[in-house]
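J.: Sharing a structure here in structure tokens format.
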Amino acid sequence: MTKTTFINRLAQQSGLTNEQSTTVINLIENHNILSNSEKEAIIAHIASELDLDSTKAKSVYSSIKQIIYSEIKSQTVKWIAGTAVIVVAGIIVFRLRKK
């Protein structure tokens with residue numbers, strides 16, 4: 001996923017403008033978004049940077065994590081499917097060579 005796609009998906013999912021989403025994406029680049037220990041700091045940073053209340057900032061944080069996790073899942077499924085195709089093709093070639 002490109003940064004532009006991430007910005008657009010965040011804007012669509014969270015109700016932010018593209019400019020606000022760009023600000024949030026640039027902000028989270030300085031944090032480990034997957035670390036639970038940084039969750040509160042990230043939410044506070046989003047709230048202060050965009051002048052949002054805590055509830056809306058938590059919603060934006062949740063949207064970011066959902067987008068990231070769905071992308072990881074999508075890429076993993078593609079990788080597994082691609083690997084399965086390669087293995088099956090290898091088995092077919094190996095059996096054909098035996099005959």
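If you're wondering about the labels, chains in the structure tokens are A, B, ... by order shown, residues count from 1 in each chain, ligands from 1 in order shown.
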Show which residues sit within 9 Å of Leu27 of chain A, as a count of residues only. Count only C-alpha atoms, and ignore same-chain residues fewer than 3 positions away.

T.: 9

J.: Hey, can you check how far atom CA of Ile25 of chain A sits from atom CA of Ser63 of chain A?

T.: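 Here the two named atoms are 11.7 Å from each other.
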
J.: Counting only C-alpha atoms, what is within 12 Å of Gln66 of chain A, bar same-chain residues fewer than 6 positions away, as a list in words?

T.: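 Returned residues: Phe6, Arg9, Leu10, Gln13, Ser14, Ile33, Leu34, Ser59, Val60, Ile72 and Lys73 of chain A.
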
J.: Put those residues in a file: all heavy atoms, as a PDB file, in the first residue's frame.

T.:
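Here's the written file again19.pdb:
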```pdb
ATOM      1  N   PHE A   6      -2.905   4.931   1.798  1.00  0.00           N
ATOM      2  CA  PHE A   6      -3.137   4.905   3.244  1.00  0.00           C
ATOM      3  C   PHE A   6      -3.847   6.182   3.690  1.00  0.00           C
ATOM      4  O   PHE A   6      -4.811   6.133   4.468  1.00  0.00           O
ATOM      5  CB  PHE A   6      -1.792   4.735   3.951  1.00  0.00           C
ATOM      6  CG  PHE A   6      -1.879   4.400   5.417  1.00  0.00           C
ATOM      7  CD1 PHE A   6      -3.058   3.968   6.012  1.00  0.00           C
ATOM      8  CD2 PHE A   6      -0.761   4.507   6.214  1.00  0.00           C
ATOM      9  CE1 PHE A   6      -3.107   3.638   7.365  1.00  0.00           C
ATOM     10  CE2 PHE A   6      -0.793   4.190   7.565  1.00  0.00           C
ATOM     11  CZ  PHE A   6      -1.981   3.766   8.133  1.00  0.00           C
ATOM     12  N   ARG A   9      -7.500   6.033   2.498  1.00  0.00           N
ATOM     13  CA  ARG A   9      -8.286   5.065   3.280  1.00  0.00           C
ATOM     14  C   ARG A   9      -8.560   5.575   4.682  1.00  0.00           C
ATOM     15  O   ARG A   9      -9.663   5.406   5.215  1.00  0.00           O
ATOM     16  CB  ARG A   9      -7.576   3.716   3.321  1.00  0.00           C
ATOM     17  CG  ARG A   9      -7.672   2.978   1.983  1.00  0.00           C
ATOM     18  CD  ARG A   9      -6.883   1.705   1.957  1.00  0.00           C
ATOM     19  NE  ARG A   9      -7.451   0.691   2.834  1.00  0.00           N
ATOM     20  CZ  ARG A   9      -6.923  -0.503   3.002  1.00  0.00           C
ATOM     21  NH1 ARG A   9      -5.817  -0.835   2.368  1.00  0.00           N
ATOM     22  NH2 ARG A   9      -7.483  -1.376   3.815  1.00  0.00           N
ATOM     23  N   LEU A  10      -7.574   6.227   5.289  1.00  0.00           N
ATOM     24  CA  LEU A  10      -7.777   6.790   6.620  1.00  0.00           C
ATOM     25  C   LEU A  10      -8.813   7.907   6.585  1.00  0.00           C
ATOM     26  O   LEU A  10      -9.691   7.971   7.454  1.00  0.00           O
ATOM     27  CB  LEU A  10      -6.461   7.307   7.201  1.00  0.00           C
ATOM     28  CG  LEU A  10      -6.543   7.928   8.594  1.00  0.00           C
ATOM     29  CD1 LEU A  10      -7.077   6.916   9.609  1.00  0.00           C
ATOM     30  CD2 LEU A  10      -5.197   8.469   9.025  1.00  0.00           C
ATOM     31  N   GLN A  13     -12.248   6.243   6.151  1.00  0.00           N
ATOM     32  CA  GLN A  13     -12.696   5.435   7.279  1.00  0.00           C
ATOM     33  C   GLN A  13     -12.924   6.268   8.543  1.00  0.00           C
ATOM     34  O   GLN A  13     -13.816   5.967   9.324  1.00  0.00           O
ATOM     35  CB  GLN A  13     -11.681   4.330   7.568  1.00  0.00           C
ATOM     36  CG  GLN A  13     -12.173   3.294   8.535  1.00  0.00           C
ATOM     37  CD  GLN A  13     -11.283   2.062   8.554  1.00  0.00           C
ATOM     38  OE1 GLN A  13     -10.550   1.808   7.611  1.00  0.00           O
ATOM     39  NE2 GLN A  13     -11.352   1.307   9.618  1.00  0.00           N
ATOM     40  N   SER A  14     -12.134   7.314   8.742  1.00  0.00           N
ATOM     41  CA  SER A  14     -12.212   8.059  10.000  1.00  0.00           C
ATOM     42  C   SER A  14     -13.006   9.357   9.898  1.00  0.00           C
ATOM     43  O   SER A  14     -13.322   9.963  10.914  1.00  0.00           O
ATOM     44  CB  SER A  14     -10.805   8.383  10.496  1.00  0.00           C
ATOM     45  OG  SER A  14     -10.175   9.266   9.587  1.00  0.00           O
ATOM     46  N   ILE A  33       3.495   2.141  15.824  1.00  0.00           N
ATOM     47  CA  ILE A  33       2.034   2.040  15.894  1.00  0.00           C
ATOM     48  C   ILE A  33       1.588   0.675  16.405  1.00  0.00           C
ATOM     49  O   ILE A  33       0.512   0.540  16.968  1.00  0.00           O
ATOM     50  CB  ILE A  33       1.391   2.364  14.524  1.00  0.00           C
ATOM     51  CG1 ILE A  33      -0.120   2.557  14.632  1.00  0.00           C
ATOM     52  CG2 ILE A  33       1.712   1.298  13.506  1.00  0.00           C
ATOM     53  CD1 ILE A  33      -0.550   3.793  15.303  1.00  0.00           C
ATOM     54  N   LEU A  34       2.410  -0.347  16.266  1.00  0.00           N
ATOM     55  CA  LEU A  34       2.032  -1.687  16.702  1.00  0.00           C
ATOM     56  C   LEU A  34       2.342  -1.945  18.177  1.00  0.00           C
ATOM     57  O   LEU A  34       1.963  -2.977  18.712  1.00  0.00           O
ATOM     58  CB  LEU A  34       2.727  -2.731  15.829  1.00  0.00           C
ATOM     59  CG  LEU A  34       2.434  -2.636  14.331  1.00  0.00           C
ATOM     60  CD1 LEU A  34       3.221  -3.683  13.564  1.00  0.00           C
ATOM     61  CD2 LEU A  34       0.951  -2.765  14.054  1.00  0.00           C
ATOM     62  N   SER A  59     -10.646   6.991  18.055  1.00  0.00           N
ATOM     63  CA  SER A  59     -11.297   6.456  16.865  1.00  0.00           C
ATOM     64  C   SER A  59     -10.333   6.483  15.670  1.00  0.00           C
ATOM     65  O   SER A  59     -10.274   5.526  14.888  1.00  0.00           O
ATOM     66  CB  SER A  59     -12.553   7.268  16.559  1.00  0.00           C
ATOM     67  OG  SER A  59     -13.112   6.890  15.335  1.00  0.00           O
ATOM     68  N   VAL A  60      -9.598   7.567  15.529  1.00  0.00           N
ATOM     69  CA  VAL A  60      -8.617   7.676  14.448  1.00  0.00           C
ATOM     70  C   VAL A  60      -7.524   6.624  14.624  1.00  0.00           C
ATOM     71  O   VAL A  60      -7.138   5.938  13.670  1.00  0.00           O
ATOM     72  CB  VAL A  60      -8.008   9.102  14.397  1.00  0.00           C
ATOM     73  CG1 VAL A  60      -6.831   9.163  13.436  1.00  0.00           C
ATOM     74  CG2 VAL A  60      -9.066  10.124  14.008  1.00  0.00           C
ATOM     75  N   ILE A  72      -1.916  -6.161   6.271  1.00  0.00           N
ATOM     76  CA  ILE A  72      -1.045  -7.287   6.618  1.00  0.00           C
ATOM     77  C   ILE A  72      -1.735  -8.608   6.277  1.00  0.00           C
ATOM     78  O   ILE A  72      -1.139  -9.503   5.680  1.00  0.00           O
ATOM     79  CB  ILE A  72      -0.657  -7.242   8.110  1.00  0.00           C
ATOM     80  CG1 ILE A  72       0.297  -6.077   8.361  1.00  0.00           C
ATOM     81  CG2 ILE A  72      -0.024  -8.560   8.552  1.00  0.00           C
ATOM     82  CD1 ILE A  72       0.552  -5.796   9.829  1.00  0.00           C
ATOM     83  N   LYS A  73      -2.997  -8.715   6.629  1.00  0.00           N
ATOM     84  CA  LYS A  73      -3.759  -9.936   6.344  1.00  0.00           C
ATOM     85  C   LYS A  73      -3.851 -10.179   4.836  1.00  0.00           C
ATOM     86  O   LYS A  73      -3.638 -11.297   4.370  1.00  0.00           O
ATOM     87  CB  LYS A  73      -5.158  -9.823   6.950  1.00  0.00           C
ATOM     88  CG  LYS A  73      -6.009 -11.036   6.745  1.00  0.00           C
ATOM     89  CD  LYS A  73      -7.378 -10.853   7.382  1.00  0.00           C
ATOM     90  CE  LYS A  73      -8.293 -12.015   7.105  1.00  0.00           C
ATOM     91  NZ  LYS A  73      -9.633 -11.795   7.664  1.00  0.00           N
TER      92      LYS A  73
END
```

J.: I'd like to know which of A:Ile28, A:Thr76, A:Ile68, A:Arg95 is closest to Thr2 of chain A, using only C-alpha atoms.

T.: A:Ile68

J.: Separation of atom CA of Ala47 of chain A and atom CA of Ile64 of chain A, in Å?

T.: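 Computing the Euclidean distance for atom CA of Ala47 of chain A and atom CA of Ile64 of chain A yields 14.1 Å.
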
J.: Go ahead and compute the interatomic distance for atom CA of Asn32 of chain A and atom CA of Ile67 of chain A, in Å to one decimal.

T.: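 Taking atom CA of Asn32 of chain A and atom CA of Ile67 of chain A, their separation equals 15.0 Å.
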
J.: List every residue of chain A that DSSP, applied to the backbone, labels as helix (DSSP H, G or I), and write the result as a PyMOL selection string.

T.: chain A and resi 3-14+18-28+36-50+54-98
